[in-house]
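Scroll down for the structure; my scribbles are underneath it.
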Amino acid sequence: MPKIAIVAALELEVSGLIRHWHRIKREHQGRNFIFFEQDEVVVVCGGIGVAAARRAAEAAIALYHPGVLESVGFAGALHAALCVGDIFSPAAVIDAGDASRTDVEGGKGMLITFPTVASTEQKVKLAEAYGAQAVDMEAAAVAAAARAHGIPFSATKVISDGLHFEMPKLASFIDPEGQFRTLRFAVHVALRPWLWHRVAQLAANSNKAERMLAEHLKALRPHLSDVTEAKTN
């Protein structure tokens with residue numbers, strides 16, 4: 001059984017890591033989840049937001065009984081010193097919803113989990129209110145699941161949007177299960193030329209963030225990188 005269960009929001013965030021892993025569909029409490037398995041690690045991409053992250057974390061715990069639960073994926077910078085592609089491993093995760101805090105051994109800085117995609121104005125307010133350096137939408141929910149089951153928790157995030165980058169309004173394109181409605185968003189953007197440059201920049205940022213996160217995770221677990229390389233040659 002895996003020693004580490006990684007919970008991400010979308011496959012996009014971890015695609016560079018899981019591309020050649022074993023993909024399996026498993027059911028938990030009436031919902032289907034896609035897991036990616038490789039040696040001692042399993043990855044589940046549960047969807048965007050705290051509810052989706054908690055469901056995915058509970059499924060991973062129930063089905064795999066991991067020794068460590070880890071929240072991995074994209075985060076927004078709350079400090080100008082953090083740039084797209086930077087790896088951020090916090091010492092604490094704060095839930096903006098209930099102010100609960102989870103400390104993380106060996107980390108540095110603070111990550112705040114916010115219920116919606118934060119605007120530039122909200123980023124400034126979150127930094128001031130919590131003293132956090134980065135913001136995401138899932139880590140606190142994964143931490144809560146780990147805490148409830150007495151499992152060690154960790155978090156590894158990569159910055160996908162800088163402090164001053166204004167994210168497009170995405171809330172209406174996230175379905176109740178936390179999945180992003182890509183086609184609907186593409187049609188929306190196609191009809192609004194003034195969004196094209198920003199969305200193109202968002203795509204470039206996401207690609208860089210995904211690549212840097214994959215490189216970081218493979219460096220932490222070299223045997224996973226060796227398996228991937230062997231399968232591509």
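We name chains A, B, ... following the order of the structure tokens; residues begin at 1 in each chain, and ligands are numbered from 1 as shown.
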query: Could you name the residues that touch Gly107 of chain A at 6 Å or less, counting only C-alpha atoms, but leaving out those on the same chain fewer than 6 positions away, as a VMD selection string?
result: chain A and resid 89 to 91
Generate a file of the selected residues that holds N, CA and C atoms, formatted as a PDB file, in the first residue's frame.
ATOM      1  N   SER A  89       6.646  25.518   0.111  1.00  0.00           N
ATOM      2  CA  SER A  89       6.285  24.475   1.072  1.00  0.00           C
ATOM      3  C   SER A  89       6.072  25.140   2.426  1.00  0.00           C
ATOM      4  N   PRO A  90       4.828  25.380   2.826  1.00  0.00           N
ATOM      5  CA  PRO A  90       4.549  26.196   4.005  1.00  0.00           C
ATOM      6  C   PRO A  90       4.818  25.487   5.330  1.00  0.00           C
ATOM      7  N   ALA A  91       5.033  26.298   6.352  1.00  0.00           N
ATOM      8  CA  ALA A  91       5.162  25.792   7.714  1.00  0.00           C
ATOM      9  C   ALA A  91       3.806  25.720   8.393  1.00  0.00           C
TER      10      ALA A  91
END
query: Where does DSSP see strand (DSSP E or B) in segment 72-160 of chain A, if you list the residues as an MDAnalysis selection string?
result: chainID A and resid 72:77 87:88 92:95 101:103 110:113 134:136 153:160
query: Can you list, as a list in words, every protein, DNA or RNA residue that comes within 9 Å of Ile6 of chain A when you count only C-alpha atoms, leaving out same-chain residues fewer than 4 positions away?
result: Val41, Val42, Val43, Val44, Cys45, Ala57, Ala60, Val68, Leu69, Glu70, Ser71 and Val72 of chain A
message: For segment 191-207 of chain A, find every residue with an atom within 9 Å (counting only C-alpha atoms), except residues of its own chain fewer than 5 positions away, and show them as a list of chain:residue names.
response: A:Leu12, A:Glu13, A:Phe74, A:Val84, A:Gly85, A:Ile159, A:Ser160, A:Asp161, A:Phe165, A:Glu166, A:Met167, A:Pro168, A:Ala186, A:Met212
message: Among segment 32-194 of chain A, which ones does DSSP assign to alpha helix (DSSP H) (computed from the backbone)? Answer as number ranges by chain.
response: A: 50-64, 120-130, 139-149, 182-190
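Atom CA of Val158 of chain A is found 18.4 Å from atom CA of Asp95 of chain A.
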